[in-house]
>>> print(open('final36.cif').read())   # mmCIF, C-alpha atoms (C1' of nucleotides)
data_work
#
loop_
_atom_site.label_atom_id
_atom_site.label_comp_id
_atom_site.auth_asym_id
_atom_site.auth_seq_id
_atom_site.Cartn_x
_atom_site.Cartn_y
_atom_site.Cartn_z
CA MET Q 21 37.64 -25.18 -9.51
CA SER Q 22 37.40 -27.91 -12.09
CA PRO Q 23 36.74 -26.98 -15.69
CA LEU Q 24 33.22 -27.41 -16.99
CA ARG Q 25 32.27 -30.33 -19.12
CA SER Q 26 31.63 -29.31 -22.70
CA ASP Q 27 27.86 -29.80 -22.56
CA ALA Q 28 27.67 -27.96 -19.26
CA ALA Q 29 29.61 -25.05 -20.73
CA ARG Q 30 27.28 -24.99 -23.72
CA SER Q 31 24.20 -24.92 -21.51
CA ARG Q 32 25.66 -22.21 -19.34
CA ALA Q 33 26.39 -20.05 -22.38
CA LYS Q 34 22.91 -20.59 -23.79
CA ILE Q 35 21.37 -19.59 -20.48
CA LEU Q 36 23.48 -16.47 -20.15
CA ASP Q 37 22.87 -15.43 -23.75
CA THR Q 38 19.15 -15.86 -23.32
CA ALA Q 39 19.01 -14.00 -20.04
CA ARG Q 40 21.29 -11.18 -21.10
CA ASP Q 41 18.80 -9.05 -22.96
CA ARG Q 42 15.89 -9.38 -20.55
CA PRO Q 43 14.87 -6.87 -17.89
CA VAL Q 44 16.14 -8.20 -14.57
CA ALA Q 45 12.86 -7.29 -12.91
CA ASP Q 46 10.92 -10.03 -14.71
CA LEU Q 47 13.61 -12.64 -14.94
CA ARG Q 48 12.10 -16.07 -14.18
CA LEU Q 49 14.44 -19.02 -14.16
CA ASN Q 50 11.71 -21.20 -15.66
CA ASP Q 51 11.16 -18.78 -18.54
CA VAL Q 52 14.86 -18.54 -19.21
CA ALA Q 53 15.05 -22.32 -19.31
CA ARG Q 54 12.26 -22.62 -21.84
CA ALA Q 55 13.60 -19.79 -24.00
CA ALA Q 56 17.12 -21.18 -23.87
CA GLY Q 57 15.91 -24.65 -24.83
CA VAL Q 58 17.28 -26.33 -21.73
CA GLY Q 59 15.61 -28.05 -18.81
CA VAL Q 60 14.56 -26.13 -15.75
CA ALA Q 61 16.88 -28.14 -13.54
CA THR Q 62 19.81 -27.22 -15.72
CA VAL Q 63 19.24 -23.56 -15.04
CA TYR Q 64 18.82 -24.13 -11.31
CA ARG Q 65 21.97 -26.25 -11.26
CA HIS Q 66 24.05 -23.50 -12.82
CA PHE Q 67 22.41 -20.65 -10.93
CA ALA Q 68 20.77 -21.39 -7.61
CA THR Q 69 18.88 -18.10 -7.52
CA VAL Q 70 17.97 -15.26 -9.84
CA GLU Q 71 20.52 -13.13 -8.04
CA ALA Q 72 23.28 -15.56 -8.87
CA LEU Q 73 22.31 -15.40 -12.53
CA VAL Q 74 22.22 -11.61 -12.45
CA GLU Q 75 25.63 -11.56 -10.84
CA ALA Q 76 27.08 -13.81 -13.52
CA LEU Q 77 25.55 -11.61 -16.20
CA ASN Q 78 27.15 -8.50 -14.77
CA LEU Q 79 30.54 -9.66 -13.63
CA ASP Q 80 32.06 -8.38 -16.87
CA ALA Q 81 30.56 -4.97 -16.31
CA LEU Q 82 31.90 -4.92 -12.77
CA GLU Q 83 35.35 -5.76 -14.04
CA GLN Q 84 35.10 -3.00 -16.59
CA LEU Q 85 34.02 -0.59 -13.87
CA VAL Q 86 36.99 -1.46 -11.71
CA THR Q 87 39.31 -0.99 -14.68
CA GLU Q 88 37.84 2.40 -15.46
CA ALA Q 89 37.97 3.34 -11.80
CA ARG Q 90 41.68 2.49 -11.61
CA ALA Q 91 42.27 4.69 -14.63
CA ALA Q 92 40.23 7.50 -13.10
CA THR Q 93 42.22 7.53 -9.88
CA GLU Q 94 45.39 8.05 -11.89
CA ILE Q 95 44.14 11.33 -13.30
CA PRO Q 96 46.23 14.07 -11.67
CA ASP Q 97 43.51 16.68 -11.28
CA PRO Q 98 41.47 15.59 -8.23
CA GLY Q 99 38.22 17.09 -9.46
CA GLU Q 100 38.46 15.46 -12.83
CA ALA Q 101 39.49 12.17 -11.24
CA PHE Q 102 36.47 12.13 -8.97
CA THR Q 103 34.10 13.24 -11.70
CA THR Q 104 35.39 10.64 -14.12
CA PHE Q 105 35.07 7.96 -11.48
CA VAL Q 106 31.48 8.80 -10.63
CA ARG Q 107 30.55 9.24 -14.26
CA SER Q 108 31.91 5.78 -15.12
CA ALA Q 109 29.99 4.20 -12.30
CA ALA Q 110 26.74 5.90 -13.21
CA LEU Q 111 26.98 5.19 -16.93
CA LEU Q 112 27.83 1.54 -16.41
CA GLN Q 113 25.06 1.14 -13.87
CA VAL Q 114 22.55 2.67 -16.24
CA GLU Q 115 23.74 0.45 -19.06
CA HIS Q 116 23.86 -2.72 -16.97
CA GLU Q 117 20.69 -3.02 -15.00
CA GLY Q 118 21.99 -5.75 -12.71
CA LEU Q 119 25.14 -4.00 -11.60
CA GLN Q 120 23.43 -2.29 -8.70
CA THR Q 121 22.45 -5.69 -7.35
CA ILE Q 122 26.04 -6.82 -7.06
CA LEU Q 123 27.12 -3.54 -5.53
CA LEU Q 124 24.41 -3.58 -2.87
CA SER Q 125 23.76 -7.24 -2.14
CA GLU Q 126 25.33 -8.84 0.88
CA GLU Q 127 25.47 -12.28 -0.69
CA VAL Q 128 27.79 -12.26 -3.64
CA SER Q 129 30.43 -14.65 -4.87
CA PRO Q 130 34.00 -14.21 -3.61
CA ALA Q 131 35.08 -13.03 -7.05
CA ALA Q 132 32.47 -10.30 -7.08
CA ARG Q 133 33.26 -9.36 -3.51
CA ALA Q 134 36.92 -8.89 -4.28
CA LEU Q 135 36.17 -6.62 -7.21
CA ARG Q 136 33.66 -4.68 -5.18
CA ASP Q 137 36.05 -4.22 -2.30
CA GLU Q 138 38.67 -2.83 -4.62
CA LEU Q 139 36.11 -0.52 -6.19
CA PHE Q 140 35.05 0.85 -2.81
CA SER Q 141 38.64 1.31 -1.81
CA LEU Q 142 39.32 3.28 -4.99
CA ALA Q 143 36.20 5.33 -4.37
CA GLU Q 144 37.36 6.12 -0.87
CA THR Q 145 40.67 7.36 -2.19
CA ALA Q 146 39.17 9.45 -4.96
CA LEU Q 147 36.64 11.03 -2.63
CA GLU Q 148 39.14 11.80 0.10
CA THR Q 149 41.47 13.43 -2.38
CA ALA Q 150 38.64 15.43 -3.88
CA ILE Q 151 37.51 16.67 -0.49
CA ARG Q 152 41.04 17.47 0.65
CA ASN Q 153 41.42 19.60 -2.47
CA GLY Q 154 38.15 21.38 -1.90
CA VAL Q 155 36.32 20.19 -4.99
CA VAL Q 156 33.69 18.16 -3.11
CA ARG Q 157 31.65 19.06 -0.04
CA PRO Q 158 33.43 17.78 3.05
CA ASP Q 159 30.30 16.27 4.60
CA ILE Q 160 29.97 13.68 1.84
CA THR Q 161 30.91 10.04 2.41
CA THR Q 162 31.43 7.20 -0.05
CA SER Q 163 28.11 5.78 1.05
CA HIS Q 164 26.44 9.02 0.01
CA VAL Q 165 28.14 8.96 -3.35
CA GLN Q 166 27.22 5.35 -3.96
CA ARG Q 167 23.60 5.90 -3.04
CA LEU Q 168 23.37 9.10 -5.07
CA VAL Q 169 24.66 7.21 -8.09
CA CYS Q 170 21.92 4.63 -7.53
CA GLY Q 171 19.46 7.48 -7.21
CA VAL Q 172 20.52 8.99 -10.50
CA GLU Q 173 20.30 5.59 -12.11
CA HIS Q 174 16.77 5.32 -10.80
CA ALA Q 175 15.88 8.76 -12.14
CA VAL Q 176 17.30 7.93 -15.54
CA ARG Q 177 15.37 4.69 -15.70
CA LEU Q 178 12.11 6.48 -15.00
CA GLY Q 179 12.61 8.25 -18.33
CA ASP Q 180 13.76 7.10 -21.73
CA GLY Q 181 17.43 7.47 -20.89
CA THR Q 182 18.12 10.41 -23.19
CA ASP Q 183 18.78 12.84 -20.35
CA ARG Q 184 21.28 10.58 -18.64
CA ASP Q 185 24.09 13.13 -18.80
CA LEU Q 186 21.94 16.01 -17.63
CA LEU Q 187 20.75 14.21 -14.50
CA LEU Q 188 24.26 13.03 -13.74
CA ASP Q 189 25.52 16.54 -14.17
CA VAL Q 190 22.99 17.89 -11.70
CA MET Q 191 24.17 15.39 -9.12
CA LEU Q 192 27.84 16.08 -9.73
CA SER Q 193 27.50 19.83 -9.52
CA GLY Q 194 25.43 19.39 -6.38
CA LEU Q 195 28.41 17.71 -4.78
CA SER Q 196 30.69 20.71 -5.22
CA PRO Q 197 31.19 22.76 -2.07
CA THR Q 198 30.51 26.27 -3.35
CA ALA Q 199 27.00 25.65 -4.62
CA MET E 27 -21.15 6.78 -5.47
CA SER E 28 -23.37 5.18 -2.87
CA PRO E 29 -22.33 5.23 0.78
CA LEU E 30 -20.77 2.08 2.19
CA ARG E 31 -22.79 -0.34 4.21
CA SER E 32 -21.74 -0.38 7.87
CA ASP E 33 -20.11 -3.79 7.79
CA ALA E 34 -18.34 -2.93 4.56
CA ALA E 35 -17.00 0.28 6.08
CA ARG E 36 -15.77 -1.66 9.10
CA SER E 37 -13.98 -4.20 6.92
CA ARG E 38 -12.43 -1.50 4.81
CA ALA E 39 -11.10 0.27 7.88
CA LYS E 40 -9.70 -2.93 9.33
CA ILE E 41 -7.94 -3.68 6.04
CA LEU E 42 -6.45 -0.20 5.75
CA ASP E 43 -5.34 -0.14 9.38
CA THR E 44 -3.66 -3.49 8.99
CA ALA E 45 -1.94 -2.59 5.75
CA ARG E 46 -0.84 0.87 6.83
CA ASP E 47 2.29 -0.04 8.74
CA ARG E 48 3.64 -2.66 6.36
CA PRO E 49 6.34 -2.15 3.72
CA VAL E 50 4.59 -1.84 0.38
CA ALA E 51 7.17 -4.11 -1.22
CA ASP E 52 5.89 -7.18 0.58
CA LEU E 53 2.23 -6.35 0.74
CA ARG E 54 0.20 -9.50 -0.05
CA LEU E 55 -3.53 -9.18 -0.14
CA ASN E 56 -3.88 -12.67 1.30
CA ASP E 57 -1.64 -11.80 4.24
CA VAL E 58 -3.47 -8.57 4.90
CA ALA E 59 -6.75 -10.47 4.92
CA ARG E 60 -5.53 -12.96 7.48
CA ALA E 61 -3.96 -10.30 9.67
CA ALA E 62 -7.04 -8.11 9.48
CA GLY E 63 -9.32 -11.00 10.36
CA VAL E 64 -11.43 -10.78 7.23
CA GLY E 65 -11.89 -13.13 4.31
CA VAL E 66 -9.60 -12.99 1.31
CA ALA E 67 -12.47 -12.14 -0.96
CA THR E 68 -13.36 -9.15 1.15
CA VAL E 69 -9.97 -7.64 0.56
CA TYR E 70 -10.12 -8.32 -3.17
CA ARG E 71 -13.60 -6.84 -3.32
CA HIS E 72 -12.48 -3.58 -1.74
CA PHE E 73 -9.15 -3.39 -3.54
CA ALA E 74 -8.84 -5.18 -6.84
CA THR E 75 -5.04 -4.97 -6.83
CA VAL E 76 -2.20 -4.16 -4.46
CA GLU E 77 -1.79 -0.87 -6.28
CA ALA E 78 -5.36 0.11 -5.50
CA LEU E 79 -4.74 -0.59 -1.84
CA VAL E 80 -1.53 1.39 -1.86
CA GLU E 81 -3.30 4.26 -3.52
CA ALA E 82 -6.02 4.26 -0.88
CA LEU E 83 -3.38 4.19 1.83
CA ASN E 84 -1.61 7.23 0.40
CA LEU E 85 -4.42 9.44 -0.78
CA ASP E 86 -4.17 11.45 2.42
CA ALA E 87 -0.49 12.04 1.87
CA LEU E 88 -1.16 13.16 -1.70
CA GLU E 89 -3.75 15.62 -0.46
CA GLN E 90 -1.28 16.93 2.06
CA LEU E 91 1.32 17.30 -0.64
CA VAL E 92 -1.02 19.31 -2.84
CA THR E 93 -1.88 21.54 0.12
CA GLU E 94 1.78 22.16 0.88
CA ALA E 95 2.48 22.74 -2.79
CA ARG E 96 -0.23 25.37 -3.01
CA ALA E 97 1.29 27.11 -0.01
CA ALA E 98 4.76 26.91 -1.55
CA THR E 99 3.71 28.57 -4.80
CA GLU E 100 2.43 31.51 -2.82
CA ILE E 101 5.87 32.28 -1.42
CA PRO E 102 7.04 35.52 -3.09
CA ASP E 103 10.71 34.62 -3.49
CA PRO E 104 10.89 32.28 -6.51
CA GLY E 105 13.92 30.37 -5.27
CA GLU E 106 12.43 29.74 -1.88
CA ALA E 107 9.10 28.80 -3.44
CA PHE E 108 10.70 26.20 -5.69
CA THR E 109 12.93 24.84 -2.95
CA THR E 110 10.05 24.56 -0.51
CA PHE E 111 7.95 22.79 -3.13
CA VAL E 112 10.60 20.22 -3.94
CA ARG E 113 11.49 19.72 -0.30
CA SER E 114 7.85 19.02 0.57
CA ALA E 115 7.55 16.51 -2.21
CA ALA E 116 10.74 14.72 -1.29
CA LEU E 117 10.02 14.58 2.44
CA LEU E 118 6.49 13.31 1.95
CA GLN E 119 7.65 10.73 -0.58
CA VAL E 120 10.30 9.47 1.82
CA GLU E 121 7.79 9.31 4.64
CA HIS E 122 5.06 7.66 2.58
CA GLU E 123 6.53 4.82 0.64
CA GLY E 124 3.52 4.39 -1.64
CA LEU E 125 3.28 7.98 -2.79
CA GLN E 126 5.65 7.44 -5.68
CA THR E 127 3.31 4.75 -7.01
CA ILE E 128 0.42 7.17 -7.32
CA LEU E 129 2.58 9.84 -8.88
CA LEU E 130 4.04 7.52 -11.53
CA SER E 131 1.32 4.98 -12.24
CA GLU E 132 -0.87 5.39 -15.28
CA GLU E 133 -3.83 3.65 -13.71
CA VAL E 134 -5.07 5.63 -10.76
CA SER E 135 -8.51 6.54 -9.54
CA PRO E 136 -10.10 9.75 -10.83
CA ALA E 137 -9.70 11.34 -7.41
CA ALA E 138 -5.98 10.66 -7.36
CA ARG E 139 -5.63 11.78 -10.96
CA ALA E 140 -7.23 15.12 -10.21
CA LEU E 141 -4.90 15.75 -7.29
CA ARG E 142 -1.91 14.69 -9.31
CA ASP E 143 -2.83 16.91 -12.22
CA GLU E 144 -3.09 19.89 -9.93
CA LEU E 145 0.24 19.02 -8.35
CA PHE E 146 1.96 18.85 -11.72
CA SER E 147 0.41 22.10 -12.77
CA LEU E 148 1.69 23.77 -9.61
CA ALA E 149 5.11 22.26 -10.22
CA GLU E 150 5.14 23.61 -13.75
CA THR E 151 4.39 27.09 -12.46
CA ALA E 152 6.97 26.99 -9.69
CA LEU E 153 9.67 25.68 -12.02
CA GLU E 154 8.95 28.18 -14.79
CA THR E 155 9.07 31.05 -12.33
CA ALA E 156 12.28 29.77 -10.82
CA ILE E 157 13.92 29.46 -14.22
CA ARG E 158 12.67 32.86 -15.40
CA ASN E 159 14.28 34.37 -12.31
CA GLY E 160 17.54 32.56 -12.86
CA VAL E 161 17.53 30.42 -9.75
CA VAL E 162 17.25 27.08 -11.58
CA ARG E 163 19.10 25.80 -14.64
CA PRO E 164 17.05 26.58 -17.74
CA ASP E 165 17.46 23.11 -19.25
CA ILE E 166 15.48 21.47 -16.45
CA THR E 167 11.90 20.28 -16.98
CA THR E 168 9.25 19.21 -14.53
CA SER E 169 9.85 15.63 -15.57
CA HIS E 170 13.48 16.00 -14.56
CA VAL E 171 12.52 17.44 -11.21
CA GLN E 172 9.98 14.71 -10.56
CA ARG E 173 12.41 11.96 -11.45
CA LEU E 174 15.23 13.51 -9.44
CA VAL E 175 12.96 13.61 -6.41
CA CYS E 176 12.27 9.91 -6.92
CA GLY E 177 16.01 9.38 -7.27
CA VAL E 178 16.72 11.13 -3.99
CA GLU E 179 13.97 9.12 -2.34
CA HIS E 180 15.67 5.99 -3.64
CA ALA E 181 19.05 7.11 -2.32
CA VAL E 182 17.60 7.90 1.09
CA ARG E 183 15.90 4.52 1.28
CA LEU E 184 19.19 2.73 0.60
CA GLY E 185 20.42 4.16 3.89
CA ASP E 186 18.84 4.53 7.30
CA GLY E 187 17.17 7.82 6.44
CA THR E 188 19.28 10.00 8.70
CA ASP E 189 20.95 11.85 5.82
CA ARG E 190 17.69 12.71 4.13
CA ASP E 191 18.32 16.44 4.23
CA LEU E 192 21.88 16.20 3.04
CA LEU E 193 21.00 14.19 -0.05
CA LEU E 194 18.10 16.47 -0.81
CA ASP E 195 20.39 19.45 -0.43
CA VAL E 196 22.87 18.02 -2.91
CA MET E 197 20.12 17.62 -5.46
CA LEU E 198 18.71 21.10 -4.89
CA SER E 199 22.06 22.83 -5.14
CA GLY E 200 22.79 20.83 -8.28
CA LEU E 201 19.75 22.41 -9.88
CA SER E 202 21.03 25.95 -9.48
CA PRO E 203 22.47 27.45 -12.67
CA THR E 204 25.81 28.76 -11.45
CA ALA E 205 27.20 25.51 -10.12
"C1'" DC I 2 37.32 -48.03 -30.91
"C1'" DC I 3 34.75 -49.48 -26.93
"C1'" DT I 4 33.30 -49.32 -22.20
"C1'" DC I 5 31.82 -47.41 -18.07
"C1'" DA I 6 31.46 -44.28 -14.30
"C1'" DA I 7 30.52 -39.67 -13.40
"C1'" DA I 8 28.38 -35.66 -14.54
"C1'" DT I 9 24.65 -33.38 -16.80
"C1'" DC I 10 20.20 -33.33 -18.79
"C1'" DG I 11 15.06 -32.66 -18.93
"C1'" DG I 12 10.54 -32.83 -17.46
"C1'" DA I 13 7.22 -34.53 -14.07
"C1'" DT I 14 5.79 -33.02 -9.90
"C1'" DA I 15 5.62 -31.18 -5.17
"C1'" DG I 16 5.13 -26.86 -2.80
"C1'" DA I 17 4.00 -21.98 -2.23
"C1'" DT I 18 1.60 -18.04 -3.58
"C1'" DG I 19 -2.09 -15.32 -5.93
"C1'" DA I 20 -6.87 -14.70 -7.31
"C1'" DT I 21 -11.86 -16.29 -8.03
"C1'" DC I 22 -16.33 -18.50 -7.22
"C1'" DC I 23 -20.31 -19.43 -4.68
"C1'" DG I 24 -23.18 -20.68 -0.76
"C1'" DT I 25 -24.11 -18.19 3.62
"C1'" DT I 26 -24.74 -14.16 6.54
"C1'" DT I 27 -25.62 -9.36 7.48
"C1'" DC I 28 -27.65 -5.05 6.72
"C1'" DA I 29 -31.14 -1.42 5.85
"C1'" DG I 30 -35.54 0.04 4.18
"C1'" DA I 31 -40.50 -1.11 4.00
"C1'" DT T 7 -40.58 -8.39 11.21
"C1'" DC T 8 -39.81 -9.44 6.59
"C1'" DT T 9 -37.19 -9.28 2.31
"C1'" DG T 10 -33.97 -8.35 -1.31
"C1'" DA T 11 -29.60 -6.68 -2.18
"C1'" DA T 12 -25.02 -6.34 -0.79
"C1'" DA T 13 -21.05 -8.08 1.65
"C1'" DC T 14 -18.95 -11.96 3.87
"C1'" DG T 15 -15.68 -16.10 4.28
"C1'" DG T 16 -13.08 -19.77 2.90
"C1'" DA T 17 -12.83 -23.63 -0.27
"C1'" DT T 18 -11.00 -23.94 -4.63
"C1'" DC T 19 -8.72 -23.01 -8.96
"C1'" DA T 20 -4.74 -21.07 -11.34
"C1'" DT T 21 -0.04 -19.73 -11.56
"C1'" DC T 22 4.47 -19.59 -10.43
"C1'" DT T 23 8.75 -21.47 -8.05
"C1'" DA T 24 11.87 -25.08 -6.99
"C1'" DT T 25 13.24 -30.10 -6.40
"C1'" DC T 26 13.69 -34.92 -7.40
"C1'" DC T 27 14.96 -38.70 -10.19
"C1'" DG T 28 15.32 -41.72 -14.19
"C1'" DA T 29 17.42 -41.13 -18.82
"C1'" DT T 30 21.12 -39.35 -21.55
"C1'" DT T 31 25.61 -37.51 -22.64
"C1'" DT T 32 30.44 -36.97 -21.99
"C1'" DG T 33 35.30 -38.02 -21.94
"C1'" DA T 34 39.16 -40.74 -19.93
"C1'" DG T 35 41.30 -45.26 -19.72
"C1'" DG T 36 41.81 -49.95 -21.56
#
>>> encode(input="final36.cif", output="structure tokens")
Amino acid sequence: MSPLRSDAARSRAKILDTARDRPVADLRLNDVARAAGVGVATVYRHFATVEALVEALNLDALEQLVTEARAATEIPDPGEAFTTFVRSAALLQVEHEGLQTILLSEEVSPAARALRDELFSLAETALETAIRNGVVRPDITTSHVQRLVCGVEHAVRLGDGTDRDLLLDVMLSGLSPTA
Amino acid sequence: MSPLRSDAARSRAKILDTARDRPVADLRLNDVARAAGVGVATVYRHFATVEALVEALNLDALEQLVTEARAATEIPDPGEAFTTFVRSAALLQVEHEGLQTILLSEEVSPAARALRDELFSLAETALETAIRNGVVRPDITTSHVQRLVCGVEHAVRLGDGTDRDLLLDVMLSGLSPTA
DNA sequence: CCTCAAATCGGATAGATGATCCGTTTCAGA
DNA sequence: TCTGAAACGGATCATCTATCCGATTTGAGG
């Protein structure tokens, strides 16, 4: 793809900076435009939908998640590997409100899709290894893990965020087979 | 409060019946009016906001939940009592999409508030007893339990609902102290 | 440095959705 | 039956979303 013209790049940055610290729930492209000091059409040109904007805002976080996930799967102990993986995902999702959107939405950019596919593949590996070594219940699938992480995120968001680790810990220990 | 006039009661019933089997996410008062065959204003007169309509739709479920909760707290075994309580709450919340709204919203009708207060009081009792008897982690509060139930509901909704019991089970076993 | 075509810009405005107002109709008690 | 109060419907206003188009800016070539 061709490089952006300098003014276009400036507008894009202004839009992203403005949108970054707003709750994704009440993200209106018109509001962002006004707050960023650019025209409405400029925002719509750069980001056709709110989802596209949210994706752009959280691509960095997704990259970071994949990086951390790769590191986690290299941990020798299967339990610790799995735990580290899930913990990374949950913490990043709590910190970056829009990450869940990318991970669940069907319509994402090719770049995001590639990262997501790798992430799911890593998750599959980590989970399989964990189950094979008896540190996670055998009736759990990656879909379950993903949705439970989203559930924990939801639970954390309903509070002030201070008990993040506690709620995550409940979920993780619930996944162990002996319990 | 004065009894409803017959035509008003009829309208109210038509509105509720129409709204009942629609996803609360895309519940538009205008749409409901059209589908119910009544004027827009009639809907707005009966239910000032979507939330008010959702509350009316789910009051029955809340009553049922309180009833089940009362029964649960009478179970002698503290672990079973707590588990039954939480299971009831989770299953009803999954089945009745709008229940969470009543349980979390600040602005509810006095009737709903009374039921909710009793429910929380029962939850407090069940949790305290469970902790005192060592069947639930002592660092858990009723707020945690409530939010975890909402989290599980969220996780179930992200799927097709078939693994409801599994996800709930993960959460419940995660709450036990030994894990 | 100047020019010009291409790309971007911004805001007016069309379109969709949400909520209110007010004249008309229906109900229930006398 | 008559009458006032309450409820009714839909036209209308308000708000929010998204597109179109003339004006402006950019940067590469002469």
>>> resolve_selection(input="final36.cif", expression="the PyMOL selection byres ((chain T and resi 11) around 10)", output="list of chain:residue names")
I:DC28, I:DA29, T:DT9, T:DG10, T:DA12, T:DA13
>>> resolve_selection(input="final36.cif", expression="the PyMOL selection byres ((chain T and resi 25) around 10)", output="JSON, numbers by chain")
{"Q": [61, 64], "I": [14, 15, 16], "T": [23, 24, 26, 27]}
>>> resolve_selection(input="final36.cif", expression="the PyMOL selection byres ((chain Q and resi 76-83) around 9)", output="list in words")
Leu36, Asp37, Ala39, Arg40, Phe67, Glu71, Ala72, Leu73, Val74, Glu75, Gln84, Leu85, Val86, Thr87, Glu88, Leu112, Gln113, His116, Glu117, Gly118, Leu119, Ile122, Leu123, Ala131, Ala132, Leu135, Arg136 and Leu139 of chain Q
>>> atom_distance(input="final36.cif", atom1="atom CA of E:Arg183", atom2="atom CA of Q:Thr121")
14.9 Å
>>> residues_near_point(input="final36.cif", point="(-3.5, -10.4, -12.6)", cutoff="9 Å", atoms="all atoms listed in the file", output="NGL selection string")
(:E and (75)) or (:I and (19-20))
>>> closest_atom_pairs(input="final36.cif", of="chain Q", to="chain I", cutoff="12 Å", atoms="only C-alpha atoms (C1' of nucleotides)", output="tab-separated table")
residue	atom	partner	partner_atom	distance
Q:Leu24	CA	I:DA8	C1'	9.9
Q:Arg25	CA	I:DA8	C1'	8.0
Q:Ser26	CA	I:DT9	C1'	10.0
Q:Asp27	CA	I:DT9	C1'	7.5
Q:Ala28	CA	I:DT9	C1'	6.7
Q:Ala29	CA	I:DT9	C1'	10.5
Q:Arg30	CA	I:DT9	C1'	11.2
Q:Ser31	CA	I:DT9	C1'	9.7
Q:Arg32	CA	I:DT9	C1'	11.5
Q:Asn50	CA	I:DG12	C1'	11.8
Q:Ala53	CA	I:DG11	C1'	10.3
Q:Arg54	CA	I:DG11	C1'	10.8
Q:Gly57	CA	I:DG11	C1'	10.0
Q:Val58	CA	I:DG11	C1'	7.3
Q:Gly59	CA	I:DG11	C1'	4.6
Q:Val60	CA	I:DG11	C1'	7.3
Q:Ala61	CA	I:DG11	C1'	7.3
Q:Thr62	CA	I:DC10	C1'	6.8
Q:Val63	CA	I:DC10	C1'	10.5
Q:Tyr64	CA	I:DC10	C1'	11.9
Q:Arg65	CA	I:DT9	C1'	9.4
Q:His66	CA	I:DT9	C1'	10.7
>>> decode(input="final36.cif", residues="stretch 57-68 of chain Q", atoms="N, CA and C atoms", output="PDB file, in the first residue's frame")
ATOM      1  N   GLY Q  57     -10.402  18.145  15.955  1.00  0.00           N
ATOM      2  CA  GLY Q  57     -10.214  19.337  15.129  1.00  0.00           C
ATOM      3  C   GLY Q  57     -10.079  19.020  13.657  1.00  0.00           C
ATOM      4  N   VAL Q  58     -10.729  17.969  13.218  1.00  0.00           N
ATOM      5  CA  VAL Q  58     -10.732  17.641  11.788  1.00  0.00           C
ATOM      6  C   VAL Q  58     -12.174  17.515  11.324  1.00  0.00           C
ATOM      7  N   GLY Q  59     -12.379  17.491  10.028  1.00  0.00           N
ATOM      8  CA  GLY Q  59     -13.720  17.361   9.496  1.00  0.00           C
ATOM      9  C   GLY Q  59     -14.263  15.958   9.687  1.00  0.00           C
ATOM     10  N   VAL Q  60     -15.596  15.871   9.687  1.00  0.00           N
ATOM     11  CA  VAL Q  60     -16.217  14.570   9.861  1.00  0.00           C
ATOM     12  C   VAL Q  60     -15.789  13.619   8.751  1.00  0.00           C
ATOM     13  N   ALA Q  61     -15.787  14.130   7.539  1.00  0.00           N
ATOM     14  CA  ALA Q  61     -15.460  13.281   6.392  1.00  0.00           C
ATOM     15  C   ALA Q  61     -14.060  12.705   6.509  1.00  0.00           C
ATOM     16  N   THR Q  62     -13.170  13.469   7.096  1.00  0.00           N
ATOM     17  CA  THR Q  62     -11.798  12.984   7.265  1.00  0.00           C
ATOM     18  C   THR Q  62     -11.774  11.726   8.126  1.00  0.00           C
ATOM     19  N   VAL Q  63     -12.539  11.766   9.190  1.00  0.00           N
ATOM     20  CA  VAL Q  63     -12.600  10.588  10.050  1.00  0.00           C
ATOM     21  C   VAL Q  63     -13.179   9.410   9.282  1.00  0.00           C
ATOM     22  N   TYR Q  64     -14.295   9.644   8.594  1.00  0.00           N
ATOM     23  CA  TYR Q  64     -14.948   8.549   7.873  1.00  0.00           C
ATOM     24  C   TYR Q  64     -14.059   8.030   6.745  1.00  0.00           C
ATOM     25  N   ARG Q  65     -13.233   8.899   6.178  1.00  0.00           N
ATOM     26  CA  ARG Q  65     -12.339   8.446   5.118  1.00  0.00           C
ATOM     27  C   ARG Q  65     -11.287   7.500   5.672  1.00  0.00           C
ATOM     28  N   HIS Q  66     -10.754   7.851   6.842  1.00  0.00           N
ATOM     29  CA  HIS Q  66      -9.714   7.001   7.428  1.00  0.00           C
ATOM     30  C   HIS Q  66     -10.297   5.719   8.033  1.00  0.00           C
ATOM     31  N   PHE Q  67     -11.467   5.855   8.654  1.00  0.00           N
ATOM     32  CA  PHE Q  67     -12.073   4.699   9.316  1.00  0.00           C
ATOM     33  C   PHE Q  67     -13.549   4.633   8.954  1.00  0.00           C
ATOM     34  N   ALA Q  68     -13.869   3.647   8.131  1.00  0.00           N
ATOM     35  CA  ALA Q  68     -15.230   3.563   7.599  1.00  0.00           C
ATOM     36  C   ALA Q  68     -16.262   3.358   8.697  1.00  0.00           C
TER      37      ALA Q  68
END
